[in-house]
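Chemist: Provided below: upload.pdb, containing PDB, C-alpha atoms.
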```pdb
ATOM      1  CA  MET C   1       3.490 -11.978  -2.439
ATOM      2  CA  LYS C   2       3.023  -9.416  -5.243
ATOM      3  CA  ILE C   3      -0.119  -8.040  -3.610
ATOM      4  CA  GLN C   4       1.621  -7.850  -0.252
ATOM      5  CA  ALA C   5       4.596  -6.051  -1.825
ATOM      6  CA  ALA C   6       2.292  -3.637  -3.630
ATOM      7  CA  LEU C   7       0.473  -2.824  -0.407
ATOM      8  CA  LEU C   8       3.745  -2.191   1.408
ATOM      9  CA  LEU C   9       5.090  -0.079  -1.384
ATOM     10  CA  SER C  10       1.939   2.012  -1.379
ATOM     11  CA  THR C  11       2.343   2.617   2.359
ATOM     12  CA  LEU C  12       5.957   3.654   1.848
ATOM     13  CA  ALA C  13       5.220   6.008  -1.017
ATOM     14  CA  ILE C  14       3.908   9.331   0.191
ATOM     15  CA  THR C  15       4.545  11.224  -3.037
ATOM     16  CA  THR C  16       7.450   9.233  -4.466
ATOM     17  CA  ALA C  17       6.961   6.097  -6.531
ATOM     18  CA  PHE C  18       8.486   2.859  -5.266
ATOM     19  CA  ALA C  19       8.678   0.024  -7.748
ATOM     20  CA  PRO C  20       9.799  -3.573  -7.267
ATOM     21  CA  ILE C  21      12.922  -4.415  -9.224
ATOM     22  CA  GLY C  22      14.735  -7.558 -10.214
ATOM     23  CA  GLY C  23      18.408  -8.200  -9.846
ATOM     24  CA  THR C  24      20.630 -10.216  -7.630
ATOM     25  CA  PRO C  25      19.341 -10.426  -4.064
ATOM     26  CA  ASN C  26      21.548  -9.622  -1.117
ATOM     27  CA  PRO C  27      22.431 -13.015   0.388
ATOM     28  CA  SER C  28      22.386 -11.589   3.916
ATOM     29  CA  THR C  29      18.631 -10.997   3.825
ATOM     30  CA  SER C  30      15.842 -13.535   4.039
ATOM     31  CA  THR C  31      13.944 -12.337   0.977
ATOM     32  CA  GLN C  32      14.599 -11.565  -2.655
ATOM     33  CA  LEU C  33      12.014  -8.798  -2.764
ATOM     34  CA  ARG C  34      13.609  -5.461  -3.599
ATOM     35  CA  ALA C  35      12.195  -2.065  -4.398
ATOM     36  CA  GLU C  36      13.569   1.073  -5.952
ATOM     37  CA  ILE C  37      12.613   4.681  -5.329
ATOM     38  CA  GLY C  38      11.659   5.878  -8.791
ATOM     39  CA  GLU C  39      14.710   6.469 -10.970
ATOM     40  CA  THR C  40      16.959   7.640  -8.134
ATOM     41  CA  GLY C  41      19.209   4.581  -8.117
ATOM     42  CA  ILE C  42      18.172   3.915  -4.514
ATOM     43  CA  ALA C  43      17.208   0.279  -4.139
ATOM     44  CA  PHE C  44      16.410  -1.448  -0.882
ATOM     45  CA  GLU C  45      15.484  -4.791   0.611
ATOM     46  CA  ASN C  46      14.925  -3.700   4.212
ATOM     47  CA  VAL C  47      12.476  -1.372   5.871
ATOM     48  CA  ALA C  48      12.535  -0.052   9.414
ATOM     49  CA  ARG C  49       9.701   1.086  11.631
ATOM     50  CA  GLU C  50      11.160   3.757  13.878
ATOM     51  CA  TRP C  51       9.722   4.697  17.258
ATOM     52  CA  ARG C  52      11.228   7.888  18.661
ATOM     53  CA  CYS C  53      10.885  10.469  21.366
ATOM     54  CA  LYS C  54      12.680  13.217  23.197
ATOM     55  CA  TYR C  55      13.794  12.541  26.759
ATOM     56  CA  THR C  56      14.828  15.129  29.334
ATOM     57  CA  ALA C  57      18.360  15.674  30.519
ATOM     58  CA  GLY C  58      19.273  14.735  34.055
ATOM     59  CA  PRO C  59      20.316  17.144  36.842
ATOM     60  CA  SER C  60      23.825  17.310  35.349
ATOM     61  CA  GLY C  61      22.362  18.623  32.080
ATOM     62  CA  GLY C  62      23.223  15.467  30.187
ATOM     63  CA  PRO C  63      21.945  11.969  29.542
ATOM     64  CA  GLY C  64      24.054  10.102  32.130
ATOM     65  CA  ASP C  65      21.701  10.814  35.018
ATOM     66  CA  SER C  66      18.449  11.188  33.073
ATOM     67  CA  ASP C  67      15.559   9.391  34.752
ATOM     68  CA  SER C  68      13.447   9.540  31.590
ATOM     69  CA  LEU C  69      16.230   7.997  29.471
ATOM     70  CA  LYS C  70      16.660   5.246  32.050
ATOM     71  CA  GLU C  71      12.910   4.507  31.869
ATOM     72  CA  CYS C  72      12.955   4.536  28.041
ATOM     73  CA  GLN C  73      15.723   1.944  28.107
ATOM     74  CA  ALA C  74      13.876  -0.159  30.683
ATOM     75  CA  LEU C  75      10.777  -0.132  28.456
ATOM     76  CA  LEU C  76      12.829  -1.189  25.438
ATOM     77  CA  SER C  77      14.472  -3.961  27.467
ATOM     78  CA  GLU C  78      11.016  -5.250  28.398
ATOM     79  CA  TYR C  79       9.798  -5.283  24.775
ATOM     80  CA  LEU C  80      13.024  -6.432  23.128
ATOM     81  CA  PRO C  81      12.275 -10.185  23.280
ATOM     82  CA  LYS C  82       8.846  -9.595  21.697
ATOM     83  CA  LEU C  83      10.299  -7.349  18.988
ATOM     84  CA  LYS C  84      12.949  -9.914  18.104
ATOM     85  CA  GLU C  85      10.177 -12.486  17.559
ATOM     86  CA  LEU C  86       8.859 -10.495  14.574
ATOM     87  CA  PRO C  87       9.822 -12.314  11.348
ATOM     88  CA  GLY C  88      13.338 -11.345  10.231
ATOM     89  CA  ALA C  89      13.516  -8.481  12.742
ATOM     90  CA  LYS C  90      16.695  -6.813  13.889
ATOM     91  CA  VAL C  91      16.355  -4.080  16.486
ATOM     92  CA  THR C  92      18.609  -1.056  16.813
ATOM     93  CA  ARG C  93      18.586   1.713  19.404
ATOM     94  CA  GLN C  94      19.953   5.193  18.859
ATOM     95  CA  VAL C  95      20.479   7.710  21.663
ATOM     96  CA  CYS C  96      21.737  11.265  21.236
ATOM     97  CA  GLY C  97      23.039  13.048  24.307
ATOM     98  CA  GLY C  98      23.022  16.420  22.546
ATOM     99  CA  CYS C  99      19.526  16.612  21.085
ATOM    100  CA  LEU C 100      18.079  14.136  23.632
ATOM    101  CA  ASP C 101      16.719  11.669  21.077
ATOM    102  CA  PHE C 102      15.796   8.103  21.972
ATOM    103  CA  LYS C 103      15.023   5.983  18.906
ATOM    104  CA  VAL C 104      14.205   2.340  18.329
ATOM    105  CA  SER C 105      14.300   0.915  14.806
ATOM    106  CA  ILE C 106      12.754  -2.454  14.000
ATOM    107  CA  VAL C 107      14.386  -3.492  10.729
ATOM    108  CA  GLN C 108      12.879  -6.246   8.594
ATOM    109  CA  PRO C 109      13.226  -7.519   5.045
ATOM    110  CA  LEU C 110      10.689  -5.847   2.778
ATOM    111  CA  GLU C 111       8.267  -8.775   2.556
ATOM    112  CA  GLU C 112       8.197  -9.500   6.293
ATOM    113  CA  HIS C 113       7.817  -5.813   7.074
ATOM    114  CA  GLY C 114       4.876  -5.631   4.668
ATOM    115  CA  ALA C 115       2.957  -8.184   6.679
ATOM    116  CA  TRP C 116       3.536  -6.225   9.907
ATOM    117  CA  ALA C 117       2.594  -2.948   8.194
ATOM    118  CA  GLU C 118      -0.643  -4.523   6.912
ATOM    119  CA  ALA C 119      -1.435  -5.412  10.532
ATOM    120  CA  ASP C 120      -0.974  -1.721  11.446
ATOM    121  CA  TYR C 121       2.179  -2.682  13.416
ATOM    122  CA  GLU C 122       0.173  -4.634  15.929
ATOM    123  CA  PRO C 123       0.730  -6.210  18.217
ATOM    124  CA  LEU C 124       3.285  -4.122  20.074
ATOM    125  CA  GLU C 125       3.396  -0.616  18.583
ATOM    126  CA  SER C 126       0.360   1.060  20.163
ATOM    127  CA  GLU C 127       1.083  -0.442  23.572
ATOM    128  CA  PHE C 128       4.788   0.488  23.476
ATOM    129  CA  LEU C 129       4.035   4.054  22.350
ATOM    130  CA  GLU C 130       1.359   4.566  25.003
ATOM    131  CA  ARG C 131       3.758   3.433  27.689
ATOM    132  CA  LEU C 132       6.515   5.635  26.235
ATOM    133  CA  LYS C 133       4.151   8.635  26.369
ATOM    134  CA  GLY C 134       3.486   7.821  30.029
ATOM    135  CA  ILE C 135       7.123   8.282  31.046
ATOM    136  CA  GLU C 136       7.628  11.567  32.881
ATOM    137  CA  GLY C 137       9.913  13.832  30.869
ATOM    138  CA  VAL C 138       9.244  12.158  27.510
ATOM    139  CA  SER C 139       7.800  14.260  24.683
ATOM    140  CA  GLN C 140       7.404  14.216  20.899
ATOM    141  CA  VAL C 141       6.597  10.516  20.610
ATOM    142  CA  GLU C 142       6.526   9.756  16.881
ATOM    143  CA  THR C 143       6.840   6.954  14.347
ATOM    144  CA  GLN C 144       8.361   6.757  10.902
ATOM    145  CA  GLU C 145       8.775   4.111   8.235
ATOM    146  CA  ILE C 146      12.107   4.300   6.404
ATOM    147  CA  THR C 147      14.314   2.218   4.153
ATOM    148  CA  PHE C 148      17.271   0.714   6.004
ATOM    149  CA  GLU C 149      20.225  -0.554   3.982
ATOM    150  CA  ALA C 150      23.885  -1.149   4.612
ATOM    151  CA  VAL C 151      25.774   0.495   1.745
TER     152      VAL C 151
END
```
What does this structure look like when you write it as C-alpha cells?
Modeler:
Amino acid sequence: MKIQAALLLSTLAITTAFAPIGGTPNPSTSTQLRAEIGETGIAFENVAREWRCKYTAGPSGGPGDSDSLKECQALLSEYLPKLKELPGAKVTRQVCGGCLDFKVSIVQPLEEHGAWAEADYEPLESEFLERLKGIEGVSQVETQEITFEAV
C-alpha cells in the first residue's frame, strides 16, 4: 500500500511535493489514505481523472442543438457502466454552454485511483479518447489528474 501510494503521489506531483499524512479519515470514503500538498494545508483523499474536449455549437449557436455534444453524451452513456465498475469510482459530467466544454471526471479514493494510474488508466481511457477524437466537431481532447474533495 505504501509503495502504491508513493507511486501515485509521484504521478500527481509535477513540481509540487505531495506527502501522505495521518489524521482522521473521512468516513464517506473507502480508504484512510490521505495526502497533503506540501505545507499548503490542502489535504485530499480523492483523485479524479478528467477527460475533456471542446464541442461545437449547434445551428442556433448554442449547445441545445449541437450534434457533437449529443454524440459526446452518447459515448459517455455507453462507457458509464464500465466506468462505474472501477473500484470506488464516482463519475461526474460537466458541460459548459458558453465555452463549449464537455468534461468527464472519474473520481476515486486515492488508493484505488493509484492502482488505475499504475495501469496507465487502462482499460477504457485510450479507447474512449480515440472515439471522442473521432466525433465530428470535437477538438482539444485532453486529460488531467486532479484532487477532488468536497469542502
Chemist: From (8.5, -6.3, 21.8), in the file's coordinates, out to 10 Å: which residues are reached, counting all atoms listed in the file? Answer as a list in words.
Modeler: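 In the file's frame, the residues around the point are Leu75, Leu76, Ser77, Glu78, Tyr79, Leu80, Pro81, Lys82, Leu83, Lys84, Glu85, Leu86, Val91, Ile106, Pro123, Leu124, Glu125, Glu127 and Phe128 of chain C.
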Chemist: Kindly indicate which residue among C:Gln73, C:Ser126, C:Ser139, C:Ser66 lies nearest to Gly97 of chain C, using all atoms listed in the file for the distances.
Modeler: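 So, comparing all the options, the nearest one is C:Ser66.
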Chemist: In Å, how far is it from atom CA of Tyr55 of chain C to atom CA of Ser105 of chain C?
Modeler: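 Going from atom CA of Tyr55 of chain C over to atom CA of Ser105 of chain C covers 16.7 Å.
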Chemist: Pick the closest to Glu45 of chain C from C:Gln108, C:Lys133, C:Gln140, C:Lys103: which is it, counting only C-alpha atoms?
Modeler: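 Nearest to Glu45 of chain C: C:Gln108.
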Chemist: Would you compute the distance between atom CA of Ala115 of chain C and atom CA of Thr147 of chain C? Give it in Å to one decimal.
Modeler: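 According to the coordinates, atom CA of Ala115 of chain C and atom CA of Thr147 of chain C are separated by 15.6 Å.
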Chemist: Take the PyMOL selection byres ((chain C and resi 57) around 12), run it mentally on this structure, and tell me the resulting residues as a PyMOL selection string.
Modeler: chain C and resi 54-56+58-70+96-102+136-138
Chemist: Could you tell me how far atom CA of Phe148 of chain C sits from atom CA of Gly114 of chain C, in Å to one decimal place?
Modeler: 14.0 Å
Chemist: Output, as AutoDock Vina command-line options, the centre and edge lengths in Å (one decimal) of the axis-aligned box that contains all listed atoms of segment 76-81 of chain C with 8 Å of margin on each side.
Modeler:
```
--center_x 12.1 --center_y -5.7 --center_z 25.8 --size_x 20.7 --size_y 25.0 --size_z 21.3
```
Chemist: Of the residues C:Asp120, C:Arg49, C:Gln94, C:His113, which is the one nearest to Glu142 of chain C, using all atoms listed in the file?
Modeler: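 Residue with the minimum atom-to-atom distance to Glu142 of chain C: C:Arg49.
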Chemist: With distances taken over only C-alpha atoms, which of C:Ala43, C:Cys53, C:Leu110, C:Cys72 is nearest to Gly88 of chain C?
Modeler: C:Leu110
Chemist: Let me make sure I understand: among C:Trp51, C:Trp116, C:Tyr121, C:Phe44, which one has the smallest atom-to-atom distance to Arg93 of chain C if we use only C-alpha atoms?
Modeler: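 The shortest atom-to-atom distance to Arg93 of chain C comes from C:Trp51.
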